[in-house]
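Visitor: File follows, input07.tsv with TSV, C-alpha atoms:
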```tsv
chain	number	residue	atom	x	y	z
Q	1	MET	CA	186.29	-67.81	26.49
Q	2	ALA	CA	183.71	-65.36	25.15
Q	3	GLN	CA	186.44	-63.36	23.48
Q	4	GLU	CA	187.98	-66.47	21.92
Q	5	ARG	CA	184.59	-67.52	20.55
Q	6	ARG	CA	183.67	-63.99	19.47
Q	7	VAL	CA	180.64	-63.87	21.74
Q	8	GLY	CA	179.45	-60.48	22.96
Q	9	VAL	CA	179.73	-59.73	26.66
Q	10	VAL	CA	177.27	-57.31	28.27
Q	11	ILE	CA	178.21	-56.01	31.72
Q	12	ASN	CA	174.98	-55.13	33.52
Q	13	ARG	CA	175.00	-53.05	36.73
Q	14	PRO	CA	178.80	-52.95	37.00
Q	15	PHE	CA	178.79	-50.94	40.20
Q	16	GLY	CA	177.32	-53.83	42.17
Q	17	GLY	CA	174.61	-51.71	43.74
Q	18	GLY	CA	177.18	-49.06	44.69
Q	19	ASP	CA	179.50	-51.29	46.72
Q	20	LEU	CA	182.54	-50.05	44.79
Q	21	PHE	CA	181.80	-46.46	45.75
Q	22	GLY	CA	181.79	-47.35	49.44
Q	23	ARG	CA	185.39	-48.47	49.07
Q	24	VAL	CA	186.54	-45.16	47.56
Q	25	ARG	CA	184.26	-42.80	49.49
Q	26	ALA	CA	186.19	-39.75	50.65
Q	27	LYS	CA	189.25	-40.89	48.65
Q	28	GLN	CA	190.69	-38.72	45.93
Q	29	LEU	CA	190.98	-39.97	42.41
Q	30	PRO	CA	194.67	-40.59	41.64
Q	31	ASP	CA	196.36	-37.90	39.54
Q	32	TRP	CA	197.38	-40.48	36.93
Q	33	ALA	CA	193.70	-41.11	36.10
Q	34	ALA	CA	194.02	-38.07	33.83
Q	35	GLU	CA	196.22	-40.24	31.56
Q	36	PHE	CA	193.00	-41.85	30.31
Q	37	ASP	CA	190.67	-38.84	30.50
Q	38	CYS	CA	189.11	-39.86	33.80
Q	39	ARG	CA	187.51	-37.27	36.09
Q	40	SER	CA	185.38	-39.28	38.54
Q	41	TRP	CA	185.26	-42.61	40.33
Q	42	ALA	CA	182.34	-43.72	38.14
Q	43	GLN	CA	184.43	-43.04	35.04
Q	44	PHE	CA	187.41	-44.79	36.64
Q	45	PHE	CA	185.40	-47.98	37.17
Q	46	LEU	CA	183.61	-47.81	33.82
Q	47	LYS	CA	186.79	-47.20	31.85
Q	48	TRP	CA	188.39	-50.20	33.57
Q	49	ILE	CA	185.47	-52.37	32.40
Q	50	VAL	CA	185.06	-50.90	28.91
Q	51	ALA	CA	188.80	-51.23	28.24
Q	52	HIS	CA	188.68	-55.00	28.79
Q	53	PRO	CA	189.04	-56.58	25.34
Q	54	ALA	CA	186.17	-59.01	25.93
Q	55	ALA	CA	183.63	-56.38	27.04
Q	56	THR	CA	181.14	-55.51	24.32
Q	57	CYS	CA	179.06	-53.01	26.28
Q	58	THR	CA	178.33	-51.90	29.82
Q	59	ILE	CA	174.96	-50.94	31.27
Q	60	PRO	CA	175.34	-48.96	34.50
Q	61	ALA	CA	171.86	-48.59	35.94
Q	62	THR	CA	170.89	-45.19	37.30
Q	63	ALA	CA	167.80	-43.05	37.66
Q	64	ASN	CA	169.87	-39.95	38.39
Q	65	PRO	CA	170.46	-37.69	35.34
Q	66	ARG	CA	173.76	-36.37	36.78
Q	67	HIS	CA	175.03	-39.91	37.20
Q	68	LEU	CA	173.93	-40.70	33.65
Q	69	GLU	CA	175.97	-37.79	32.29
Q	70	ASP	CA	179.00	-38.81	34.35
Q	71	ASN	CA	178.67	-42.46	33.29
Q	72	LEU	CA	178.52	-41.49	29.63
Q	73	GLN	CA	181.94	-39.86	29.96
Q	74	GLY	CA	183.31	-43.27	30.96
Q	75	GLY	CA	183.12	-44.21	27.29
Q	76	VAL	CA	184.66	-41.00	25.97
Q	77	GLY	CA	188.33	-40.27	25.39
Q	78	ARG	CA	191.27	-42.52	26.04
Q	79	LEU	CA	190.93	-45.87	27.75
Q	80	PRO	CA	193.49	-47.49	30.03
Q	81	ASP	CA	195.76	-50.12	28.49
Q	82	ALA	CA	196.44	-53.46	30.20
Q	83	LYS	CA	199.26	-51.99	32.30
Q	84	LEU	CA	197.10	-49.10	33.52
Q	85	ARG	CA	194.17	-51.46	34.19
Q	86	GLN	CA	196.45	-53.47	36.50
Q	87	ARG	CA	197.58	-50.29	38.22
Q	88	MET	CA	193.91	-49.40	38.76
Q	89	VAL	CA	193.26	-52.76	40.43
Q	90	GLU	CA	196.28	-52.37	42.68
Q	91	PHE	CA	195.30	-48.82	43.62
Q	92	VAL	CA	191.74	-49.72	44.62
Q	93	ALA	CA	192.95	-52.83	46.47
Q	94	SER	CA	195.28	-50.64	48.52
Q	95	LEU	CA	192.44	-48.45	49.81
```
Please go through the file and, once you have read it, give me the structure as structure tokens.

Guide:
Amino acid sequence: MAQERRVGVVINRPFGGGDLFGRVRAKQLPDWAAEFDCRSWAQFFLKWIVAHPAATCTIPATANPRHLEDNLQGGVGRLPDAKLRQRMVEFVASL
């Protein structure tokens, strides 16, 4: 609806307090993540969000400078298309 009405959508704290990372802890990033310039789980999740056509911006909260640098890379390079975004959902759901 926001996209249809041209209303900006701000995603605040997209990692849900870190719950997503618990799901992928000790799991390797899939090789095909390189197709959209992804090198970490944080970038994987952020690129999924940023690539959504309705998302205007994302604000991942962190006090850790290393996490900040990693998160910034989530907005750099290629983004997954709709087909890859679906593959990402299916991959994480399978873990």

Visitor: Which residues are near His52 (chain Q)? Cut-off 12 Å, all atoms listed in the file, ignore same chain within fewer than 6 positions. Put them as a PyMOL selection string.

Guide: chain Q and resi 3+9-11+45-46+58+79-86

Visitor: Grab the CA of Ala63 (chain Q) to CA of Gly75 (chain Q) distance for me, in Å with one decimal place.

Guide: 18.5 Å

Visitor: Tell me, in Å to one decimal, how far CA of Lys27 (chain Q) is from CA of Thr62 (chain Q).

Guide: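 Calculated distance between CA of Lys27 (chain Q) and CA of Thr62 (chain Q) is 22.0 Å.
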
Visitor: Check the smallest atom-to-atom distance from each of Q:Met1, Q:Met88, Q:Ala54, Q:Leu95 to Ala33 (chain Q) using only C-alpha atoms, then report the winner.

Guide: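 Among the listed residues, Q:Met88 lies closest to Ala33 (chain Q).
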
Visitor: Given the point (193.6, -41.0, 29.2) in the coordinates of this file, which residues lie within 12 Å, counting all atoms listed in the file, and how would they look as a PDB file with C-alpha atoms, in the coordinates of the input?

Guide:
```pdb
ATOM      1  CA  ASP Q  31     196.360 -37.900  39.540  1.00  0.00           C
ATOM      2  CA  TRP Q  32     197.380 -40.480  36.930  1.00  0.00           C
ATOM      3  CA  ALA Q  33     193.700 -41.110  36.100  1.00  0.00           C
ATOM      4  CA  ALA Q  34     194.020 -38.070  33.830  1.00  0.00           C
ATOM      5  CA  GLU Q  35     196.220 -40.240  31.560  1.00  0.00           C
ATOM      6  CA  PHE Q  36     193.000 -41.850  30.310  1.00  0.00           C
ATOM      7  CA  ASP Q  37     190.670 -38.840  30.500  1.00  0.00           C
ATOM      8  CA  CYS Q  38     189.110 -39.860  33.800  1.00  0.00           C
ATOM      9  CA  ARG Q  39     187.510 -37.270  36.090  1.00  0.00           C
ATOM     10  CA  GLN Q  43     184.430 -43.040  35.040  1.00  0.00           C
ATOM     11  CA  PHE Q  44     187.410 -44.790  36.640  1.00  0.00           C
ATOM     12  CA  LYS Q  47     186.790 -47.200  31.850  1.00  0.00           C
ATOM     13  CA  TRP Q  48     188.390 -50.200  33.570  1.00  0.00           C
ATOM     14  CA  ALA Q  51     188.800 -51.230  28.240  1.00  0.00           C
ATOM     15  CA  GLN Q  73     181.940 -39.860  29.960  1.00  0.00           C
ATOM     16  CA  GLY Q  74     183.310 -43.270  30.960  1.00  0.00           C
ATOM     17  CA  GLY Q  75     183.120 -44.210  27.290  1.00  0.00           C
ATOM     18  CA  VAL Q  76     184.660 -41.000  25.970  1.00  0.00           C
ATOM     19  CA  GLY Q  77     188.330 -40.270  25.390  1.00  0.00           C
ATOM     20  CA  ARG Q  78     191.270 -42.520  26.040  1.00  0.00           C
ATOM     21  CA  LEU Q  79     190.930 -45.870  27.750  1.00  0.00           C
ATOM     22  CA  PRO Q  80     193.490 -47.490  30.030  1.00  0.00           C
ATOM     23  CA  ASP Q  81     195.760 -50.120  28.490  1.00  0.00           C
ATOM     24  CA  LEU Q  84     197.100 -49.100  33.520  1.00  0.00           C
ATOM     25  CA  ARG Q  85     194.170 -51.460  34.190  1.00  0.00           C
TER      26      ARG Q  85
END
```

Visitor: Give as a VMD selection string the set of residues within 12 Å of the point (183.5, -48.1, 48.4), where distances use the file's coordinates and all atoms listed in the file.

Guide: chain Q and resid 15 to 27 41 to 42 45 92 to 93 95

Visitor: Find the residue from Q:Glu4, Q:Arg13, Q:Val89, Q:Leu29 that sits nearest to Pro60 (chain Q); use all atoms listed in the file when measuring.

Guide: Q:Arg13

Visitor: CA of Ser94 (chain Q) and CA of Ile59 (chain Q), how far apart in Å?

Guide: 26.7 Å
